[in-house]
>>> print(open('target32.cif').read())   # mmCIF, C-alpha atoms and all ligand atoms
data_final
#
loop_
_atom_site.label_atom_id
_atom_site.label_comp_id
_atom_site.auth_asym_id
_atom_site.auth_seq_id
_atom_site.Cartn_x
_atom_site.Cartn_y
_atom_site.Cartn_z
CA MET D 599 0.00 0.00 0.00
CA SER D 600 1.13 3.53 -0.63
CA GLU D 601 1.10 6.30 1.93
CA HIS D 602 0.50 9.97 1.45
CA ASN D 603 2.89 12.46 2.92
CA GLY D 604 0.19 13.46 5.38
CA PRO D 605 0.01 15.61 8.46
CA THR D 606 2.00 13.09 10.47
CA GLY D 607 4.89 13.68 8.04
CA SER D 608 5.24 10.06 6.96
CA ALA D 609 8.09 9.66 4.49
CA PRO D 610 7.11 9.19 0.85
CA GLY D 611 9.39 6.15 0.46
CA PRO D 612 12.26 5.51 -1.92
CA PHE D 613 12.63 7.20 -5.31
CA THR D 614 15.20 5.45 -7.49
CA CYS D 615 15.92 4.94 -11.18
CA THR D 616 17.78 1.86 -12.45
CA PHE D 617 19.10 1.75 -16.02
CA TRP D 618 18.46 -1.62 -17.72
CA GLY D 619 19.11 -0.40 -21.28
CA VAL D 620 20.89 2.77 -22.43
CA ARG D 621 21.64 2.11 -26.11
CA GLY D 622 19.71 3.63 -29.02
CA SER D 623 18.32 2.19 -32.23
CA ILE D 624 19.42 -1.44 -31.98
CA ALA D 625 20.90 -3.70 -29.33
CA SER D 626 24.67 -3.74 -29.69
CA PRO D 627 26.23 -6.39 -27.45
CA GLY D 628 29.90 -7.31 -27.65
CA PRO D 629 33.32 -6.64 -26.17
CA GLU D 630 33.29 -3.01 -27.39
CA THR D 631 30.14 -2.09 -25.44
CA ILE D 632 30.39 -4.26 -22.35
CA ARG D 633 31.02 -1.45 -19.84
CA TYR D 634 28.20 0.92 -20.87
CA GLY D 635 25.93 -1.88 -22.08
CA GLY D 636 24.30 -2.84 -25.36
CA ASN D 637 20.61 -3.11 -24.47
CA THR D 638 18.04 -0.67 -25.84
CA PRO D 639 16.10 1.73 -23.58
CA CYS D 640 14.50 0.54 -20.36
CA LEU D 641 14.45 2.31 -16.98
CA GLU D 642 12.93 1.02 -13.75
CA VAL D 643 11.68 3.83 -11.54
CA ILE D 644 10.64 3.02 -7.97
CA CYS D 645 8.34 5.60 -6.37
CA GLY D 646 7.54 4.39 -2.86
CA ALA D 647 5.45 1.22 -3.27
CA HIS D 648 5.05 1.65 -7.03
CA ARG D 649 7.16 0.48 -9.96
CA LEU D 650 7.19 2.54 -13.14
CA ILE D 651 8.97 1.41 -16.29
CA LEU D 652 10.14 3.89 -18.91
CA ASP D 653 10.32 2.19 -22.30
CA ALA D 654 10.38 -1.53 -22.98
CA GLY D 655 13.50 -2.01 -25.08
CA SER D 656 15.68 -5.10 -24.86
CA GLY D 657 16.80 -4.07 -21.35
CA ILE D 658 13.40 -5.02 -19.93
CA ARG D 659 14.27 -8.71 -20.32
CA ALA D 660 16.90 -8.59 -17.54
CA LEU D 661 14.61 -6.39 -15.43
CA GLY D 662 12.03 -9.19 -15.60
CA TYR D 663 14.53 -11.78 -14.45
CA SER D 664 15.59 -9.54 -11.55
CA LEU D 665 12.04 -9.77 -10.14
CA GLU D 666 11.80 -13.56 -10.15
CA LYS D 667 12.36 -13.77 -6.39
CA GLU D 668 9.66 -11.21 -5.56
CA THR D 669 6.72 -12.72 -3.78
CA GLY D 670 3.15 -11.76 -4.55
CA PRO D 671 1.61 -10.14 -7.60
CA LEU D 672 3.53 -7.43 -9.44
CA GLU D 673 2.12 -4.25 -10.95
CA PHE D 674 3.84 -2.10 -13.55
CA ASP D 675 3.02 1.27 -15.06
CA ILE D 676 4.88 1.22 -18.37
CA PHE D 677 5.33 4.62 -20.01
CA LEU D 678 6.52 4.46 -23.62
CA THR D 679 8.23 7.44 -25.22
CA HIS D 680 7.06 6.01 -28.55
CA THR D 681 6.82 2.70 -30.36
CA HIS D 682 9.92 2.55 -32.53
CA LEU D 683 11.20 -0.99 -32.21
CA ASP D 684 14.14 -0.19 -29.96
CA HIS D 685 11.65 1.01 -27.30
CA ILE D 686 9.16 -1.92 -27.40
CA VAL D 687 11.11 -4.93 -28.65
CA GLY D 688 11.52 -6.31 -25.13
CA ILE D 689 7.79 -6.66 -24.37
CA PRO D 690 7.50 -10.31 -25.54
CA PHE D 691 10.55 -11.23 -23.43
CA PHE D 692 9.41 -9.61 -20.16
CA ALA D 693 8.84 -12.66 -17.95
CA PRO D 694 6.35 -11.01 -15.54
CA ALA D 695 4.02 -10.43 -18.52
CA PHE D 696 3.35 -14.17 -18.64
CA SER D 697 1.98 -14.49 -15.08
CA PRO D 698 -1.81 -14.15 -14.60
CA ALA D 699 -1.18 -12.65 -11.15
CA ASN D 700 0.57 -9.59 -12.60
CA LYS D 701 -0.81 -6.33 -13.95
CA LEU D 702 0.80 -4.32 -16.76
CA ARG D 703 -0.56 -0.88 -17.58
CA PHE D 704 0.86 0.63 -20.78
CA PHE D 705 0.74 4.35 -21.52
CA ALA D 706 1.71 6.19 -24.71
CA GLY D 707 1.22 9.79 -25.80
CA HIS D 708 2.37 9.83 -29.42
CA LEU D 709 -0.40 7.94 -31.25
CA ALA D 710 -3.80 9.40 -30.34
CA PRO D 711 -6.22 10.06 -31.85
CA GLU D 712 -5.65 8.19 -35.12
CA ARG D 713 -3.75 5.21 -33.73
CA ASN D 714 -3.47 3.44 -30.40
CA VAL D 715 -0.72 1.68 -28.53
CA GLU D 716 -2.55 -1.62 -28.15
CA GLU D 717 -2.84 -1.93 -31.92
CA VAL D 718 0.86 -1.19 -32.38
CA VAL D 719 2.01 -3.77 -29.81
CA ASN D 720 -0.42 -6.27 -31.32
CA THR D 721 1.05 -5.65 -34.75
CA MET D 722 4.59 -6.31 -33.52
CA MET D 723 3.43 -9.61 -32.01
CA THR D 724 1.55 -10.90 -35.05
CA ASP D 725 2.20 -13.80 -37.41
CA PRO D 726 4.64 -13.85 -39.19
CA LEU D 727 6.62 -11.30 -37.13
CA PHE D 728 6.26 -13.11 -33.80
CA PRO D 729 4.68 -16.45 -32.83
CA ILE D 730 2.82 -15.41 -29.65
CA PRO D 731 0.09 -12.74 -29.79
CA VAL D 732 0.03 -10.20 -26.97
CA LYS D 733 -3.32 -11.52 -25.72
CA SER D 734 -1.66 -14.87 -25.03
CA LEU D 735 0.64 -13.34 -22.42
CA GLY D 736 -1.15 -14.33 -19.23
CA SER D 737 -0.94 -11.06 -17.29
CA ASP D 738 -3.73 -8.52 -16.94
CA LYS D 739 -2.87 -5.76 -19.43
CA THR D 740 -4.37 -2.35 -20.09
CA PHE D 741 -3.37 0.13 -22.80
CA THR D 742 -3.99 3.85 -22.39
CA ASP D 743 -3.39 6.50 -25.03
CA PHE D 744 -3.08 10.10 -23.94
CA PHE D 745 -2.10 13.29 -25.72
CA ALA D 746 1.50 14.37 -25.12
CA GLY D 747 1.23 17.54 -23.05
CA GLU D 748 -1.27 16.05 -20.61
CA THR D 749 -0.48 15.51 -16.92
CA LEU D 750 -1.05 12.00 -15.59
CA HIS D 751 -1.52 10.65 -12.06
CA PRO D 752 -0.88 6.90 -12.24
CA HIS D 753 -1.15 6.94 -8.43
CA PRO D 754 -2.31 9.83 -6.21
CA GLU D 755 1.18 10.64 -4.94
CA ILE D 756 2.91 10.43 -8.36
CA THR D 757 2.61 13.20 -10.96
CA VAL D 758 3.75 12.50 -14.51
CA ARG D 759 3.94 15.59 -16.74
CA THR D 760 4.51 15.11 -20.46
CA THR D 761 5.40 17.03 -23.60
CA PRO D 762 5.62 16.20 -27.31
CA LEU D 763 9.15 15.73 -28.63
CA ASN D 764 10.56 16.40 -32.11
CA HIS D 765 10.96 12.91 -33.58
CA PRO D 766 9.82 11.06 -36.72
CA ASN D 767 6.41 9.42 -35.93
CA ASN D 768 6.36 11.49 -32.68
CA ALA D 769 7.59 10.78 -29.16
CA THR D 770 6.78 11.90 -25.61
CA GLY D 771 9.02 13.40 -22.92
CA TYR D 772 8.26 12.62 -19.26
CA ARG D 773 8.71 14.44 -15.94
CA ILE D 774 8.07 12.27 -12.87
CA GLU D 775 7.47 14.06 -9.58
CA PHE D 776 7.38 12.14 -6.31
CA GLY D 777 8.03 13.19 -2.73
CA GLY D 778 9.26 16.63 -3.80
CA ARG D 779 11.91 15.27 -6.20
CA THR D 780 11.90 15.21 -9.99
CA LEU D 781 13.25 12.87 -12.68
CA CYS D 782 12.93 13.73 -16.38
CA TYR D 783 13.23 11.31 -19.30
CA ILE D 784 13.68 13.06 -22.63
CA THR D 785 14.74 10.70 -25.36
CA ASP D 786 14.28 10.41 -29.06
CA THR D 787 14.16 14.09 -29.84
CA GLU D 788 15.97 16.37 -32.27
CA HIS D 789 16.89 19.90 -31.30
CA PHE D 790 16.34 22.97 -33.46
CA PRO D 791 19.23 24.72 -35.21
CA ASP D 792 18.36 28.25 -34.13
CA ARG D 793 16.70 28.01 -30.71
CA LEU D 794 16.22 25.85 -27.64
CA ASP D 795 13.18 23.56 -27.56
CA GLU D 796 11.13 25.65 -25.13
CA LYS D 797 8.71 22.79 -24.44
CA ILE D 798 11.62 20.73 -23.11
CA VAL D 799 13.02 23.67 -21.12
CA ALA D 800 9.61 24.08 -19.47
CA LEU D 801 9.25 20.36 -18.72
CA ILE D 802 12.68 19.95 -17.12
CA GLU D 803 12.64 23.18 -15.10
CA GLY D 804 14.46 22.72 -11.80
CA ALA D 805 14.59 18.91 -12.16
CA ASP D 806 16.99 16.84 -10.06
CA TYR D 807 17.93 14.55 -12.96
CA VAL D 808 17.45 14.96 -16.71
CA ILE D 809 18.06 11.89 -18.86
CA TYR D 810 18.59 13.16 -22.42
CA ASP D 811 19.02 11.86 -25.97
CA ALA D 812 22.75 12.37 -26.59
CA MET D 813 23.12 9.99 -29.50
CA PHE D 814 25.40 12.30 -31.44
CA THR D 815 28.11 14.86 -30.84
CA ASP D 816 27.68 18.32 -32.36
CA GLU D 817 30.30 17.37 -34.98
CA GLU D 818 28.45 14.19 -35.97
CA TYR D 819 25.08 15.90 -35.97
CA ALA D 820 25.95 17.97 -39.05
CA SER D 821 25.48 14.86 -41.19
CA LYS D 822 22.51 13.48 -39.19
CA VAL D 823 19.98 16.29 -39.51
CA GLY D 824 16.45 14.88 -39.63
CA TRP D 825 17.32 11.59 -37.89
CA GLY D 826 15.38 12.66 -34.80
CA HIS D 827 18.20 12.70 -32.25
CA SER D 828 20.24 15.24 -30.33
CA THR D 829 23.68 15.86 -28.84
CA TRP D 830 25.29 16.04 -25.42
CA GLN D 831 26.18 19.65 -26.07
CA GLU D 832 22.48 20.48 -26.60
CA GLY D 833 21.62 18.60 -23.40
CA ILE D 834 23.93 20.90 -21.43
CA LYS D 835 22.31 23.99 -22.97
CA LEU D 836 18.86 22.71 -22.02
CA VAL D 837 19.63 21.87 -18.38
CA GLU D 838 21.41 25.21 -17.93
CA ALA D 839 18.47 27.15 -19.42
CA ALA D 840 16.05 25.21 -17.20
CA GLY D 841 18.03 25.43 -13.96
CA ALA D 842 18.03 21.63 -13.74
CA LYS D 843 20.67 19.80 -11.71
CA THR D 844 22.25 16.66 -13.17
CA LEU D 845 22.32 15.75 -16.86
CA ILE D 846 22.52 12.06 -17.82
CA LEU D 847 23.56 11.28 -21.40
CA PHE D 848 21.42 8.49 -22.90
CA HIS D 849 20.43 6.62 -26.10
CA HIS D 850 24.06 6.03 -27.00
CA ALA D 851 24.80 5.38 -30.68
CA PRO D 852 25.00 1.63 -31.36
CA ARG D 853 28.49 1.88 -32.88
CA ARG D 854 29.91 3.91 -29.99
CA SER D 855 32.55 1.86 -28.18
CA ASP D 856 33.18 2.06 -24.44
CA ASP D 857 36.42 3.93 -25.06
CA GLU D 858 34.61 6.44 -27.25
CA MET D 859 31.92 6.76 -24.57
CA ASP D 860 34.63 7.55 -22.01
CA VAL D 861 35.87 10.41 -24.19
CA ILE D 862 32.36 11.87 -24.46
CA ALA D 863 31.66 11.41 -20.74
CA ARG D 864 34.91 13.21 -19.86
CA ALA D 865 34.22 16.07 -22.28
CA ALA D 866 30.68 16.53 -20.96
CA ASP D 867 31.85 16.44 -17.33
CA ALA D 868 34.53 19.02 -18.14
CA ARG D 869 31.95 21.29 -19.77
CA ARG D 870 29.39 20.82 -16.97
CA PRO D 871 30.79 19.08 -13.87
CA GLY D 872 28.61 16.28 -12.56
CA THR D 873 27.25 15.25 -15.97
CA LEU D 874 27.06 11.46 -16.31
CA ALA D 875 26.82 9.02 -19.21
CA ALA D 876 24.20 6.34 -18.51
CA ARG D 877 25.43 2.77 -18.10
CA GLU D 878 23.51 -0.44 -17.64
CA GLY D 879 23.18 -1.15 -13.92
CA MET D 880 23.57 2.49 -12.87
CA VAL D 881 21.14 3.51 -10.12
CA LEU D 882 20.08 7.07 -9.35
CA THR D 883 18.74 7.78 -5.88
CA LEU D 884 16.62 10.90 -5.63
ZN ZN Y 1 15.25 5.13 -29.97
ZN ZN Y 2 12.73 6.63 -32.17
#
>>> encode(input="target32.cif", output="structure tokens")
Amino acid sequence: MSEHNGPTGSAPGPFTCTFWGVRGSIASPGPETIRYGGNTPCLEVICGAHRLILDAGSGIRALGYSLEKETGPLEFDIFLTHTHLDHIVGIPFFAPAFSPANKLRFFAGHLAPERNVEEVVNTMMTDPLFPIPVKSLGSDKTFTDFFAGETLHPHPEITVRTTPLNHPNNATGYRIEFGGRTLCYITDTEHFPDRLDEKIVALIEGADYVIYDAMFTDEEYASKVGWGHSTWQEGIKLVEAAGAKTLILFHHAPRRSDDEMDVIARAADARRPGTLAAREGMVLTL
């Protein structure tokens, strides 16, 4: 059961974020990526008694295994930035989805009103693309489409603010507020050449952590215009404009080796001390 931070001053409980997948576009395992990790996006966010999942890329498979020893039914609120394959490909391999005792609630903000997230997940898990249809996964599943820009309350003590991002086929940025702390997840977005994305600046204002699409460097971006991704340099501009605290570089390019990641992480930390590059297994405590 959850508790409100009521007049007795009861603590809101833990607020943590564990990175299960940090890589963009396609899983990229191998000796070159072993330190930062090769799985595609998946974050596990604990807010008191509740477990939120941000994106269901290949990293969600190991998250599922990590819960095997949990007793009792599990409930998940799964917020998808969008439904490009790298962000949903792990759904059929998420072991808790097979248990009738468990509840999975999916949310997406990039499809309404013409499309819906249930249809998209169904399509991915359809003959001849995949042998098991989503309805055959035993868990209780719900699919909710909202309009990016809406504010959601998956539980009374958790506020999830959203904004549309600049990405082919659309994507949604998230701001999770719990117990007076704030975590933002802004991935799969392309910046503008001549101005900051004011919607993102507004969403991340004063946040404790901002996880940001840093797939490219500024130098690489010149030949990647229109791909729908951003740079670590742009991430620094955004957090500085928004008065946010710690920037976390995310959605690493699949070809980026660990040694190349180290160079970027050092350069970003030199430009803005405290900036981190996300790695699989990293845990943020808010
Ligand atoms: Zn992606
Ligand atoms: Zn995408």
>>> atom_distance(input="target32.cif", atom1="atom CA of D:Ala654", atom2="atom CA of D:Ile689")
5.9 Å
>>> atom_distance(input="target32.cif", atom1="atom CA of D:Leu794", atom2="atom CA of D:Val620")
24.1 Å
>>> residues_near_ligand(input="target32.cif", ligand="ligand ZN 2 (chain Y)", cutoff="12 Å", atoms="all atoms listed in the file", output="mmCIF file with C-alpha atoms, in the frame of the given file")
data_model
loop_
_atom_site.group_PDB
_atom_site.id
_atom_site.type_symbol
_atom_site.label_atom_id
_atom_site.label_comp_id
_atom_site.auth_asym_id
_atom_site.auth_seq_id
_atom_site.Cartn_x
_atom_site.Cartn_y
_atom_site.Cartn_z
ATOM 1 C CA ARG D 621 21.640 2.110 -26.110
ATOM 2 C CA GLY D 622 19.710 3.630 -29.020
ATOM 3 C CA SER D 623 18.320 2.190 -32.230
ATOM 4 C CA ILE D 624 19.420 -1.440 -31.980
ATOM 5 C CA THR D 638 18.040 -0.670 -25.840
ATOM 6 C CA PRO D 639 16.100 1.730 -23.580
ATOM 7 C CA ASP D 653 10.320 2.190 -22.300
ATOM 8 C CA GLY D 655 13.500 -2.010 -25.080
ATOM 9 C CA LEU D 678 6.520 4.460 -23.620
ATOM 10 C CA THR D 679 8.230 7.440 -25.220
ATOM 11 C CA HIS D 680 7.060 6.010 -28.550
ATOM 12 C CA THR D 681 6.820 2.700 -30.360
ATOM 13 C CA HIS D 682 9.920 2.550 -32.530
ATOM 14 C CA LEU D 683 11.200 -0.990 -32.210
ATOM 15 C CA ASP D 684 14.140 -0.190 -29.960
ATOM 16 C CA HIS D 685 11.650 1.010 -27.300
ATOM 17 C CA ILE D 686 9.160 -1.920 -27.400
ATOM 18 C CA HIS D 708 2.370 9.830 -29.420
ATOM 19 C CA LEU D 763 9.150 15.730 -28.630
ATOM 20 C CA ASN D 764 10.560 16.400 -32.110
ATOM 21 C CA HIS D 765 10.960 12.910 -33.580
ATOM 22 C CA PRO D 766 9.820 11.060 -36.720
ATOM 23 C CA ASN D 767 6.410 9.420 -35.930
ATOM 24 C CA ASN D 768 6.360 11.490 -32.680
ATOM 25 C CA ALA D 769 7.590 10.780 -29.160
ATOM 26 C CA THR D 770 6.780 11.900 -25.610
ATOM 27 C CA ILE D 784 13.680 13.060 -22.630
ATOM 28 C CA THR D 785 14.740 10.700 -25.360
ATOM 29 C CA ASP D 786 14.280 10.410 -29.060
ATOM 30 C CA THR D 787 14.160 14.090 -29.840
ATOM 31 C CA GLU D 788 15.970 16.370 -32.270
ATOM 32 C CA ASP D 811 19.020 11.860 -25.970
ATOM 33 C CA MET D 813 23.120 9.990 -29.500
ATOM 34 C CA GLY D 824 16.450 14.880 -39.630
ATOM 35 C CA TRP D 825 17.320 11.590 -37.890
ATOM 36 C CA GLY D 826 15.380 12.660 -34.800
ATOM 37 C CA HIS D 827 18.200 12.700 -32.250
ATOM 38 C CA SER D 828 20.240 15.240 -30.330
ATOM 39 C CA HIS D 849 20.430 6.620 -26.100
#
>>> residues_around(input="target32.cif", residues="stretch 659-661 of chain D", least_positions_apart="6", cutoff="8 Å", atoms="all atoms listed in the file", output="MDAnalysis selection string")
chainID D and resid 618 642 688:689 691:693
>>> write_last_selection(input="target32.cif", atoms="C-alpha atoms", output="compact mmCIF listing (two decimals), in the coordinates of the input")
# COMPACT_ATOMS: atom_id res chain seq x y z
CA TRP D 618 18.46 -1.62 -17.72
CA GLU D 642 12.93 1.02 -13.75
CA GLY D 688 11.52 -6.31 -25.13
CA ILE D 689 7.79 -6.66 -24.37
CA PHE D 691 10.55 -11.23 -23.43
CA PHE D 692 9.41 -9.61 -20.16
CA ALA D 693 8.84 -12.66 -17.95
>>> axis_aligned_box(input="target32.cif", around="stretch 618-630 of chain D", padding_each_side="5 Å", output="AutoDock Vina command-line options")
--center_x 25.8 --center_y -1.8 --center_z -25.0 --size_x 25.0 --size_y 20.9 --size_z 24.5
>>> closest_residue(input="target32.cif", among="D:Ile834, D:Val861, D:Ala710, D:Ala625", to="ligand ZN 1 (chain Y)", atoms="only C-alpha atoms and all ligand atoms")
D:Ala625
>>> atom_distance(input="target32.cif", atom1="atom CA of D:Glu796", atom2="atom CA of D:Gly841")
13.1 Å
>>> residues_around(input="target32.cif", residues="stretch 875-882 of chain D", least_positions_apart="2", cutoff="8 Å", atoms="all atoms listed in the file", output="list in words")
Thr614, Cys615, Thr616, Phe617, Trp618, Gly619, Val620, Arg633, Tyr634, Gly635, Asn637, Ile846, Leu847, Phe848, Met859, Ala863, Thr873 and Leu884 of chain D
>>> residues_around(input="target32.cif", residues="D:Ile651", least_positions_apart="3", cutoff="7 Å", atoms="all atoms listed in the file", output="NGL selection string")
:D and (640-643 or 674-677)
>>> residues_around(input="target32.cif", residues="stretch 728-737 of chain D", least_positions_apart="6", cutoff="10 Å", atoms="only C-alpha atoms", output="short mmCIF file (atom, residue, chain, number, x, y, z; two decimals) with C-alpha atoms, keeping the file's coordinate frame")
data_model
loop_
_atom_site.label_atom_id
_atom_site.label_comp_id
_atom_site.auth_asym_id
_atom_site.auth_seq_id
_atom_site.Cartn_x
_atom_site.Cartn_y
_atom_site.Cartn_z
CA LEU D 672 3.53 -7.43 -9.44
CA GLU D 673 2.12 -4.25 -10.95
CA ILE D 689 7.79 -6.66 -24.37
CA PRO D 690 7.50 -10.31 -25.54
CA PHE D 692 9.41 -9.61 -20.16
CA ALA D 693 8.84 -12.66 -17.95
CA PRO D 694 6.35 -11.01 -15.54
CA ALA D 695 4.02 -10.43 -18.52
CA PHE D 696 3.35 -14.17 -18.64
CA SER D 697 1.98 -14.49 -15.08
CA PRO D 698 -1.81 -14.15 -14.60
CA ALA D 699 -1.18 -12.65 -11.15
CA ASN D 700 0.57 -9.59 -12.60
CA LYS D 701 -0.81 -6.33 -13.95
CA LEU D 702 0.80 -4.32 -16.76
CA GLU D 716 -2.55 -1.62 -28.15
CA VAL D 719 2.01 -3.77 -29.81
CA ASN D 720 -0.42 -6.27 -31.32
CA THR D 721 1.05 -5.65 -34.75
CA MET D 722 4.59 -6.31 -33.52
#
>>> closest_residue(input="target32.cif", among="D:Pro852, D:Gly833, D:Gly872, D:Pro711", to="ligand ZN 1 (chain Y)", atoms="all atoms listed in the file")
D:Pro852
>>> closest_residue(input="target32.cif", among="D:Ser656, D:His753, D:Pro762, D:Phe741", to="ligand ZN 1 (chain Y)", atoms="only C-alpha atoms and all ligand atoms")
D:Ser656
>>> closest_residue(input="target32.cif", among="D:Ala647, D:Gly778, D:Ala842, D:Val687", to="ligand ZN 1 (chain Y)", atoms="all atoms listed in the file")
D:Val687
>>> build_atoms(input="target32.cif", residues="stretch 732-759 of chain D", atoms="N, CA and C atoms", output="PDB file, in the coordinates of the input")
ATOM      1  N   VAL D 732      -0.044 -10.845 -28.281  1.00  0.00           N
ATOM      2  CA  VAL D 732       0.030 -10.200 -26.970  1.00  0.00           C
ATOM      3  C   VAL D 732      -1.067 -10.696 -26.052  1.00  0.00           C
ATOM      4  N   LYS D 733      -2.223 -11.039 -26.591  1.00  0.00           N
ATOM      5  CA  LYS D 733      -3.320 -11.520 -25.720  1.00  0.00           C
ATOM      6  C   LYS D 733      -2.995 -12.857 -25.084  1.00  0.00           C
ATOM      7  N   SER D 734      -2.022 -13.583 -25.616  1.00  0.00           N
ATOM      8  CA  SER D 734      -1.660 -14.870 -25.030  1.00  0.00           C
ATOM      9  C   SER D 734      -0.687 -14.741 -23.866  1.00  0.00           C
ATOM     10  N   LEU D 735      -0.151 -13.559 -23.640  1.00  0.00           N
ATOM     11  CA  LEU D 735       0.640 -13.340 -22.420  1.00  0.00           C
ATOM     12  C   LEU D 735      -0.360 -13.300 -21.268  1.00  0.00           C
ATOM     13  N   GLY D 736      -0.118 -14.089 -20.235  1.00  0.00           N
ATOM     14  CA  GLY D 736      -1.150 -14.330 -19.230  1.00  0.00           C
ATOM     15  C   GLY D 736      -1.524 -13.168 -18.338  1.00  0.00           C
ATOM     16  N   SER D 737      -0.688 -12.144 -18.245  1.00  0.00           N
ATOM     17  CA  SER D 737      -0.940 -11.060 -17.290  1.00  0.00           C
ATOM     18  C   SER D 737      -2.166 -10.247 -17.678  1.00  0.00           C
ATOM     19  N   ASP D 738      -2.636  -9.467 -16.701  1.00  0.00           N
ATOM     20  CA  ASP D 738      -3.730  -8.520 -16.940  1.00  0.00           C
ATOM     21  C   ASP D 738      -3.103  -7.255 -17.533  1.00  0.00           C
ATOM     22  N   LYS D 739      -3.505  -6.897 -18.748  1.00  0.00           N
ATOM     23  CA  LYS D 739      -2.870  -5.760 -19.430  1.00  0.00           C
ATOM     24  C   LYS D 739      -3.914  -4.698 -19.787  1.00  0.00           C
ATOM     25  N   THR D 740      -3.546  -3.438 -19.590  1.00  0.00           N
ATOM     26  CA  THR D 740      -4.370  -2.350 -20.090  1.00  0.00           C
ATOM     27  C   THR D 740      -3.492  -1.425 -20.925  1.00  0.00           C
ATOM     28  N   PHE D 741      -4.108  -0.762 -21.898  1.00  0.00           N
ATOM     29  CA  PHE D 741      -3.370   0.130 -22.800  1.00  0.00           C
ATOM     30  C   PHE D 741      -4.099   1.474 -22.806  1.00  0.00           C
ATOM     31  N   THR D 742      -3.379   2.526 -22.473  1.00  0.00           N
ATOM     32  CA  THR D 742      -3.990   3.850 -22.390  1.00  0.00           C
ATOM     33  C   THR D 742      -3.242   4.812 -23.308  1.00  0.00           C
ATOM     34  N   ASP D 743      -3.984   5.454 -24.183  1.00  0.00           N
ATOM     35  CA  ASP D 743      -3.390   6.500 -25.030  1.00  0.00           C
ATOM     36  C   ASP D 743      -3.784   7.852 -24.475  1.00  0.00           C
ATOM     37  N   PHE D 744      -2.808   8.728 -24.351  1.00  0.00           N
ATOM     38  CA  PHE D 744      -3.080  10.100 -23.940  1.00  0.00           C
ATOM     39  C   PHE D 744      -2.485  11.039 -24.982  1.00  0.00           C
ATOM     40  N   PHE D 745      -2.696  12.315 -24.825  1.00  0.00           N
ATOM     41  CA  PHE D 745      -2.100  13.290 -25.720  1.00  0.00           C
ATOM     42  C   PHE D 745      -0.872  13.892 -25.047  1.00  0.00           C
ATOM     43  N   ALA D 746       0.283  13.783 -25.694  1.00  0.00           N
ATOM     44  CA  ALA D 746       1.500  14.370 -25.120  1.00  0.00           C
ATOM     45  C   ALA D 746       1.231  15.831 -24.783  1.00  0.00           C
ATOM     46  N   GLY D 747       1.582  16.213 -23.563  1.00  0.00           N
ATOM     47  CA  GLY D 747       1.230  17.540 -23.050  1.00  0.00           C
ATOM     48  C   GLY D 747       0.303  17.419 -21.851  1.00  0.00           C
ATOM     49  N   GLU D 748      -0.394  16.282 -21.760  1.00  0.00           N
ATOM     50  CA  GLU D 748      -1.270  16.050 -20.610  1.00  0.00           C
ATOM     51  C   GLU D 748      -0.448  15.714 -19.363  1.00  0.00           C
ATOM     52  N   THR D 749      -1.072  15.924 -18.196  1.00  0.00           N
ATOM     53  CA  THR D 749      -0.480  15.510 -16.920  1.00  0.00           C
ATOM     54  C   THR D 749      -1.235  14.288 -16.417  1.00  0.00           C
ATOM     55  N   LEU D 750      -0.466  13.267 -16.011  1.00  0.00           N
ATOM     56  CA  LEU D 750      -1.050  12.000 -15.590  1.00  0.00           C
ATOM     57  C   LEU D 750      -0.792  11.767 -14.098  1.00  0.00           C
ATOM     58  N   HIS D 751      -1.691  11.038 -13.476  1.00  0.00           N
ATOM     59  CA  HIS D 751      -1.520  10.650 -12.060  1.00  0.00           C
ATOM     60  C   HIS D 751      -1.735   9.140 -11.972  1.00  0.00           C
ATOM     61  N   PRO D 752      -0.713   8.356 -12.288  1.00  0.00           N
ATOM     62  CA  PRO D 752      -0.880   6.900 -12.240  1.00  0.00           C
ATOM     63  C   PRO D 752      -1.222   6.425 -10.834  1.00  0.00           C
ATOM     64  N   HIS D 753      -0.791   7.176  -9.823  1.00  0.00           N
ATOM     65  CA  HIS D 753      -1.150   6.940  -8.430  1.00  0.00           C
ATOM     66  C   HIS D 753      -1.249   8.322  -7.795  1.00  0.00           C
ATOM     67  N   PRO D 754      -2.044   8.480  -6.722  1.00  0.00           N
ATOM     68  CA  PRO D 754      -2.310   9.830  -6.210  1.00  0.00           C
ATOM     69  C   PRO D 754      -1.037  10.607  -5.864  1.00  0.00           C
ATOM     70  N   GLU D 755      -0.007   9.923  -5.398  1.00  0.00           N
ATOM     71  CA  GLU D 755       1.180  10.640  -4.940  1.00  0.00           C
ATOM     72  C   GLU D 755       2.243  10.810  -6.033  1.00  0.00           C
ATOM     73  N   ILE D 756       1.949  10.334  -7.254  1.00  0.00           N
ATOM     74  CA  ILE D 756       2.910  10.430  -8.360  1.00  0.00           C
ATOM     75  C   ILE D 756       2.305  11.307  -9.458  1.00  0.00           C
ATOM     76  N   THR D 757       3.044  12.354  -9.845  1.00  0.00           N
ATOM     77  CA  THR D 757       2.610  13.200 -10.960  1.00  0.00           C
ATOM     78  C   THR D 757       3.547  12.974 -12.133  1.00  0.00           C
ATOM     79  N   VAL D 758       2.973  12.707 -13.300  1.00  0.00           N
ATOM     80  CA  VAL D 758       3.750  12.500 -14.510  1.00  0.00           C
ATOM     81  C   VAL D 758       3.329  13.568 -15.519  1.00  0.00           C
ATOM     82  N   ARG D 759       4.215  14.550 -15.727  1.00  0.00           N
ATOM     83  CA  ARG D 759       3.940  15.590 -16.740  1.00  0.00           C
ATOM     84  C   ARG D 759       4.590  15.144 -18.048  1.00  0.00           C
TER      85      ARG D 759
END
